[in-house]
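Asks: This structure is in structure tokens; I'll ask about it shortly.
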2 protein chains.
Amino acid sequence: MTTDAIRTFVDGARGTLLADLDAWLRIPGISAQPDRHEDVRRSAEWFADAARRTGFPTVEVWDDGPWLPAVYAEWRSDDPGAPTVLVYGHHDVQPVDPLELWHTDPFDPTIDGDVVRARGASDDKGQLLFHLLGLQAHLAATGRSTPAVTLKYLIEGEEESGSPHFEELLAAHRDRIDCDVVVVTDTGMIAADVPSTVTGMRGMVVGTVTFHGPDLDLHSGVFGGAVPNPATANGRLDGALHDEHGRVQIPGFYDDVLDLTDEDRDLFSRVPSDDTEFLKVAQSRALAGEDGYTTLERIGARPTAEVNGIGGGYQGAGNKTIVPSDAFVKLSFRLVANQDPARIAKGVEEFVSAHTPDGIVSSIEWEGAGVRPCLVPLGTPAYRALTAAISAAFDGAEVLPTREGGSGPEAELQQAVGVPLVFLGVGLPDDQIHAPNEKVNLSMLYRGAEATAHLWARFAETGRDALRSSERSEV
Amino acid sequence: MTTDAIRTFVDGARGTLLADLDAWLRIPGISAQPDRHEDVRRSAEWFADAARRTGFPTVEVWDDGPWLPAVYAEWRSDDPGAPTVLVYGHHDVQPVDPLELWHTDPFDPTIDGDVVRARGASDDKGQLLFHLLGLQAHLAATGRSTPAVTLKYLIEGEEESGSPHFEELLAAHRDRIDCDVVVVTDTGMIAADVPSTVTGMRGMVVGTVTFHGPDLDLHSGVFGGAVPNPATANGRLDGALHDEHGRVQIPGFYDDVLDLTDEDRDLFSRVPSDDTEFLKVAQSRALAGEDGYTTLERIGARPTAEVNGIGGGYQGAGNKTIVPSDAFVKLSFRLVANQDPARIAKGVEEFVSAHTPDGIVSSIEWEGAGVRPCLVPLGTPAYRALTAAISAAFDGAEVLPTREGGSGPEAELQQAVGVPLVFLGVGLPDDQIHAPNEKVNLSMLYRGAEATAHLWARFAETGRDALRSSERSEV
């Protein structure tokens, strides 16, 4: 009955969802690019307005610190003792280059059947819009004028830049974000017909290593072979990151890694996974990675070192025979429980130092303090409420636990509020987030909205004390 | 007497030389950049006009093949049996990036005392202009209406792109370039007060290696650690080019290298050289290179592998956590006698292939067929005439033999015409050719003009048969 009412409401609101998507996705709020920061602000204002339209009595744009504008929205339940839920997401988007690989303008959304294509469609604007829709469905289906739980939205504007100021933002607004449970919405599911919830996210440290050689580009005939070449030094560093077994060579890199238990590996093996399909989605010609682990384990449960970009010297047409003055590499390290970003960064610094030859000056610029890895315990009351809500939206299907390889500021958030955290996200593996031609499936957004509507009711039933518990409980 | 007349003429023509420099240096004839090819043509036309103004009865712009326009100018001596001299130089220039490191516009020449600063000032436009001036001085000082030798200028338009079509150009015009000796003007001297002549140039092969991984940039969280990364592959290649002794690791790289004799090393040791000064000019913090050789030997007599540029993935502000789809490295290999560019290229191809992991597609695009190394035998009649002419321009100073590390199409030219070749060039080590803020010293151009004027008389005295001889002769 409630399930039907929720679905009916969601079905009836499809046009509004599409119109909202179209409007918001036109705002190019790329947090990594300073010349887009005004657009990041516009993006925040747009979502703040949308929250007000949805009925949130309190909506604020937080730009009272070094962070890019974040949106905070609060709607208190009028039920005494109702639990408080903090929803986390982000409104900023990834850069769009290489632009030439996009089939359509990344900021002019196109609709093709079930698919909406634009930068941010899946990561994370579409998913935040299913939240607004799901809340409306919750109110309509229950006939309530306030939600069954007190809702707090915290929608960040710097996630795609590694959330460099998130800890500061949380500290500055610590008095506002008290809650009993956190719902993170910035992840995906295994497939459209295989509902799942993320139970682990990798942490990350990201930085740019710069090698400076001669103070000017030198003629490689006149000087070549007699002075150190910073691009060669860069290559020697990049080439030394992994051994022949795919193991990362940073000192102490694996010291704190929580090894997979037999139960963990069993859960991984239950997740439907097809390396052929994975390669097809990745458009890669081969698998690679750390010896001894499956693809899902490599992505979900093992740390990595990845070269995100390299540059230096002459990159134009033809050639220019120089010893370049500078070279750089952009590196990211994905971390798993219980690696510490600060400790890994220190190891990287040692490694870079050890790979800097005489006459070359190296430096590292880190993007913020890094992101901690996050691991959700299975079977807690909050986890059971979540999987029940998702299952209801997927017609009773079993909800599988997965681990994602991506990174978000979940661990920071959890540390700040000290309560359990769960993931509700409906992205799909082929959404091409962070890549050209990002898309989202509207049918997944509808399922997400339904799950949200169910979840607020389930959380209210579960109650504050149980939600706060991290004990494994039987159904 | 003649020496005085030559110097007087050159001194009197300084204004004309400056005006010519200013006009020609404004033409941005960058052969490596297709959008500058019209400027390469304008540059050729400018020099052709200048040669006509100087009195050359035959001046042609050769653009009858895939090469960029070259200038051919011919002035026959009316002395029966006069030797024929082919002068080689080039009118195209290097690219100018990084433009932000130039203190002035590279194509708006500035004069500061003895220094003219602009792209091409030293390499090679300034040096070709001293030839025109020197020829006029020769005629004025000897009272001749035609030169004492038959002069043929062959001024290429693709040297800064590795002369990719030079062999074809020589083959197409083989009937025009017969000569008894070749004078190459595209090199430098040890110092303003230490005249010298180049006796060796390195050869070169240049190419771009591309690594292609996944067909699109991938989210490094969703895919990182499970697919091969082309930028990492690139790093592993670049890092493997040298061992810890600075030895190039390309298979067979050193097989054909003519090792230095004791006499060679003795000549190297006589060239004034100061590593501290070298580092200052290079603006480098340390020396590097192959163990067991001095700086001059490393540059003049040892082959190298140099990374000229790298690129791939995200290079913008902030960071983008991707597994990039593509990465590339621009490589140049400087070769010494008797290395063969084709054989080295084959070794590089094997090496790249061996460093291409599963799932990555690599390819190499070579810039032309490469350049052969060139080694001038000392003590031939042509060599002695050259050093005598240079000495006269430098008030009787001894002229030292050197070897340069740069590359030009000398060996191709020598192979085509089958006669001895000598180098007359007056660049200085701090001319910053191929780098921002290229300059030339006017005083060196005057010395070059004087040496030219003496040289045509010396060559005429030496006679055709002796000039063609490659036998070492005593004074």
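The way I read the labels, and the way they are meant: chains A, B, ... in the order of the structure tokens, residue 1 as the first residue of every chain, and ligand 1 as the first ligand shown, with later ones counted on from there.
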Return as a VMD selection string the full set of residues in segment 51-236 of chain B whose backbone-based DSSP assignment is strand (DSSP E or B).
Replies: chain B and resid 58 to 62 70 to 75 84 to 90 93 110 to 112 115 to 117 150 to 156 181 to 184 188 191 194 196 to 201 203 to 212 218 to 219
Asks: Excluding Thr2 of chain A and its own-chain neighbours fewer than 2 positions away, which residues fall within 12 Å of it when counting only C-alpha atoms? Please give them as a VMD selection string.
Replies: chain A and resid 4 to 9 137 to 143 389 392 to 393 450 to 451 453 to 454 457
Asks: Compile the contact shell of Gly309 of chain B as a PDB file with N, CA and C atoms, in the first residue's frame: residues with an atom at most 6 Å away, counting only C-alpha atoms, same-chain residues fewer than 5 positions apart removed.
Replies:
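Everything below was put into selection_10.pdb:
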ATOM      1  N   GLY A 312      55.453  17.909 -19.233  1.00  0.00           N
ATOM      2  CA  GLY A 312      56.783  18.501 -19.143  1.00  0.00           C
ATOM      3  C   GLY A 312      57.438  18.585 -20.502  1.00  0.00           C
ATOM      4  N   GLY A 313      58.245  19.609 -20.691  1.00  0.00           N
ATOM      5  CA  GLY A 313      58.965  19.762 -21.938  1.00  0.00           C
ATOM      6  C   GLY A 313      58.055  20.090 -23.100  1.00  0.00           C
ATOM      7  N   TYR A 314      58.506  19.708 -24.283  1.00  0.00           N
ATOM      8  CA  TYR A 314      57.783  20.076 -25.502  1.00  0.00           C
ATOM      9  C   TYR A 314      56.688  19.070 -25.794  1.00  0.00           C
ATOM     10  N   GLN A 315      55.457  19.556 -25.937  1.00  0.00           N
ATOM     11  CA  GLN A 315      54.332  18.655 -26.189  1.00  0.00           C
ATOM     12  C   GLN A 315      53.613  19.014 -27.488  1.00  0.00           C
TER      13      GLN A 315
ATOM     14  N   VAL B 329      55.653  10.162 -24.990  1.00  0.00           N
ATOM     15  CA  VAL B 329      56.963  10.741 -24.690  1.00  0.00           C
ATOM     16  C   VAL B 329      57.645  11.070 -26.008  1.00  0.00           C
ATOM     17  N   LYS B 330      58.229  12.256 -26.067  1.00  0.00           N
ATOM     18  CA  LYS B 330      59.044  12.646 -27.211  1.00  0.00           C
ATOM     19  C   LYS B 330      60.493  12.371 -26.855  1.00  0.00           C
TER      20      LYS B 330
END
Asks: If the cut-off is 6 Å, can you tell me the residues of chain B near chain A, counting only C-alpha atoms? I'd like them as a ChimeraX atom specification.
Replies: /B:32,214-215,217-219,221-222,225-228,232,235-236,238-239,283-289,295,304,308-315,318,321-323,359,405-406,434-435
Asks: Pick from B:Val149, B:Leu68, B:Ala23, B:Val10: nearest to Glu38 of chain B, with only C-alpha atoms counted?
Replies: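 Under the stated criterion, the closest residue is B:Leu68.
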Asks: Among segment 354-441 of chain A, which residues does DSSP mark as helix (DSSP H, G or I) when it is run on the backbone? Keep the chain and numbering as in the structure and answer as a ChimeraX atom specification.
Replies: /A:354,381-393,410-417
Asks: Expressed in Å to a single decimal, how great is the separation between atom CA of Glu438 of chain B and atom CA of Arg119 of chain B?
Replies: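 So the answer is 5.5 Å.
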Asks: Could you pull the residues within 7 Å of Ser77 of chain A, counting only C-alpha atoms, minus those fewer than 6 positions along the same chain, as number ranges by chain?
Replies: A: 146-150
Asks: Would you save the residues from that selection as a PDB file, in the first residue's frame, using N, CA and C atoms?
Replies:
ATOM      1  N   THR A 146       5.543  16.982   8.074  1.00  0.00           N
ATOM      2  CA  THR A 146       6.994  17.025   8.299  1.00  0.00           C
ATOM      3  C   THR A 146       7.491  15.591   8.163  1.00  0.00           C
ATOM      4  N   PRO A 147       8.780  15.417   7.860  1.00  0.00           N
ATOM      5  CA  PRO A 147       9.272  14.043   7.687  1.00  0.00           C
ATOM      6  C   PRO A 147       9.242  13.255   9.004  1.00  0.00           C
ATOM      7  N   ALA A 148       9.233  11.927   8.888  1.00  0.00           N
ATOM      8  CA  ALA A 148       9.209  11.056  10.075  1.00  0.00           C
ATOM      9  C   ALA A 148      10.544  11.095  10.818  1.00  0.00           C
ATOM     10  N   VAL A 149      11.557  11.578  10.175  1.00  0.00           N
ATOM     11  CA  VAL A 149      12.853  11.785  10.823  1.00  0.00           C
ATOM     12  C   VAL A 149      13.248  13.246  10.621  1.00  0.00           C
ATOM     13  N   THR A 150      14.046  13.765  11.534  1.00  0.00           N
ATOM     14  CA  THR A 150      14.602  15.098  11.293  1.00  0.00           C
ATOM     15  C   THR A 150      15.706  14.957  10.256  1.00  0.00           C
TER      16      THR A 150
END
Asks: Just to confirm, what's the straight-line distance from atom CA of Val194 of chain B to atom CA of Pro272 of chain B in Å (one decimal)?
Replies: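 These two atoms are separated by 8.4 Å.
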Asks: Would you mind listing what lies within 12 Å of Phe423 of chain A as a ChimeraX atom specification, with only C-alpha atoms counted and same-chain residues fewer than 4 positions away left out?
Replies: /A:86-89,127,181-189,196-201,374-378,382-387,389-390,401-404,408,410,427,448,451-452,455
Asks: Output N, CA and C atoms for every residue in that selection, as a compact mmCIF listing (two decimals), in the first residue's frame.
Replies:
# COMPACT_ATOMS: atom_id res chain seq x y z
N LEU A 86 21.58 12.64 8.86
CA LEU A 86 22.39 13.59 8.08
C LEU A 86 22.66 12.96 6.71
N VAL A 87 22.20 13.65 5.66
CA VAL A 87 22.43 13.17 4.29
C VAL A 87 23.62 13.93 3.71
N TYR A 88 24.59 13.17 3.24
CA TYR A 88 25.76 13.80 2.63
C TYR A 88 25.78 13.57 1.12
N GLY A 89 26.08 14.61 0.37
CA GLY A 89 26.31 14.51 -1.08
C GLY A 89 27.14 15.71 -1.50
N GLN A 127 21.62 12.18 -8.21
CA GLN A 127 21.34 11.44 -6.99
C GLN A 127 20.80 12.35 -5.89
N VAL A 181 22.41 9.03 12.54
CA VAL A 181 22.90 8.17 11.46
C VAL A 181 23.21 9.06 10.25
N VAL A 182 24.19 8.63 9.45
CA VAL A 182 24.55 9.37 8.25
C VAL A 182 24.18 8.53 7.02
N VAL A 183 23.56 9.17 6.04
CA VAL A 183 23.31 8.51 4.75
C VAL A 183 24.15 9.22 3.70
N VAL A 184 25.05 8.47 3.10
CA VAL A 184 25.90 9.04 2.06
C VAL A 184 25.32 8.67 0.71
N THR A 185 25.13 9.67 -0.12
CA THR A 185 24.59 9.42 -1.46
C THR A 185 25.57 9.95 -2.49
N ASP A 186 26.44 9.05 -2.93
CA ASP A 186 27.44 9.43 -3.95
C ASP A 186 28.06 8.16 -4.52
N THR A 187 27.29 7.09 -4.56
CA THR A 187 27.85 5.81 -4.98
C THR A 187 26.89 5.11 -5.94
N GLY A 188 27.18 3.84 -6.22
CA GLY A 188 26.38 3.13 -7.21
C GLY A 188 26.01 1.73 -6.80
N MET A 189 25.35 1.06 -7.74
CA MET A 189 24.93 -0.32 -7.53
C MET A 189 25.58 -1.21 -8.58
N SER A 196 22.27 -3.09 -4.54
CA SER A 196 23.37 -3.32 -3.62
C SER A 196 23.63 -2.04 -2.84
N THR A 197 24.43 -2.17 -1.82
CA THR A 197 24.84 -0.98 -1.07
C THR A 197 26.32 -1.06 -0.78
N VAL A 198 26.93 0.07 -0.88
CA VAL A 198 28.37 0.14 -0.65
C VAL A 198 28.65 -0.01 0.85
N THR A 199 29.66 -0.78 1.17
CA THR A 199 30.03 -0.96 2.59
C THR A 199 31.48 -0.58 2.82
N GLY A 200 32.11 -0.14 1.77
CA GLY A 200 33.48 0.33 1.93
C GLY A 200 33.80 1.32 0.83
N MET A 201 34.56 2.34 1.17
CA MET A 201 35.07 3.29 0.19
C MET A 201 36.55 3.40 0.45
N CYS A 374 36.93 4.13 4.45
CA CYS A 374 35.72 3.95 5.25
C CYS A 374 35.21 2.52 5.07
N LEU A 375 34.92 1.85 6.17
CA LEU A 375 34.41 0.48 6.10
C LEU A 375 33.16 0.40 6.98
N VAL A 376 32.02 0.02 6.37
CA VAL A 376 30.74 -0.03 7.09
C VAL A 376 30.54 -1.42 7.66
N PRO A 377 30.30 -1.55 8.98
CA PRO A 377 30.03 -2.89 9.52
C PRO A 377 28.65 -3.38 9.02
N LEU A 378 28.58 -4.65 8.68
CA LEU A 378 27.32 -5.20 8.17
C LEU A 378 26.43 -5.59 9.35
N ALA A 382 21.00 0.22 11.52
CA ALA A 382 20.95 1.20 10.42
C ALA A 382 21.14 0.49 9.08
N TYR A 383 22.07 -0.47 9.06
CA TYR A 383 22.33 -1.21 7.82
C TYR A 383 21.10 -2.02 7.42
N ARG A 384 20.42 -2.64 8.40
CA ARG A 384 19.25 -3.46 8.09
C ARG A 384 18.09 -2.58 7.59
N ALA A 385 17.92 -1.40 8.18
CA ALA A 385 16.87 -0.49 7.71
C ALA A 385 17.15 -0.07 6.27
N LEU A 386 18.42 0.20 6.00
CA LEU A 386 18.81 0.61 4.64
C LEU A 386 18.50 -0.48 3.63
N THR A 387 18.97 -1.69 3.91
CA THR A 387 18.79 -2.75 2.91
C THR A 387 17.30 -3.08 2.73
N ALA A 389 14.87 -0.88 2.94
CA ALA A 389 14.31 0.21 2.13
C ALA A 389 14.68 0.04 0.66
N ILE A 390 15.93 -0.31 0.41
CA ILE A 390 16.36 -0.52 -0.98
C ILE A 390 15.61 -1.70 -1.58
N PRO A 401 25.97 -6.51 -0.27
CA PRO A 401 27.00 -5.54 0.13
C PRO A 401 28.14 -5.52 -0.88
N THR A 402 28.62 -4.35 -1.21
CA THR A 402 29.78 -4.22 -2.10
C THR A 402 30.77 -3.25 -1.47
N ARG A 403 31.93 -3.18 -2.09
CA ARG A 403 32.85 -2.11 -1.70
C ARG A 403 33.22 -1.35 -2.96
N GLU A 404 33.22 -0.05 -2.86
CA GLU A 404 33.59 0.75 -4.02
C GLU A 404 35.04 1.20 -3.91
N GLY A 408 35.49 9.32 -0.84
CA GLY A 408 34.73 10.50 -0.46
C GLY A 408 35.09 10.83 0.97
N GLU A 410 33.59 10.40 3.62
CA GLU A 410 32.73 9.69 4.57
C GLU A 410 33.40 9.50 5.92
N GLY A 427 24.07 4.97 -8.79
CA GLY A 427 24.85 5.03 -10.02
C GLY A 427 25.05 3.64 -10.59
N GLY A 448 15.93 5.18 -6.58
CA GLY A 448 16.58 5.88 -5.47
C GLY A 448 15.58 6.71 -4.67
N ALA A 451 13.50 4.32 -2.60
CA ALA A 451 14.26 3.82 -1.46
C ALA A 451 14.34 4.88 -0.36
N THR A 452 14.52 6.13 -0.76
CA THR A 452 14.58 7.23 0.21
C THR A 452 13.28 7.32 1.00
N LEU A 455 13.13 4.64 3.35
CA LEU A 455 14.18 4.68 4.38
C LEU A 455 13.81 5.58 5.54
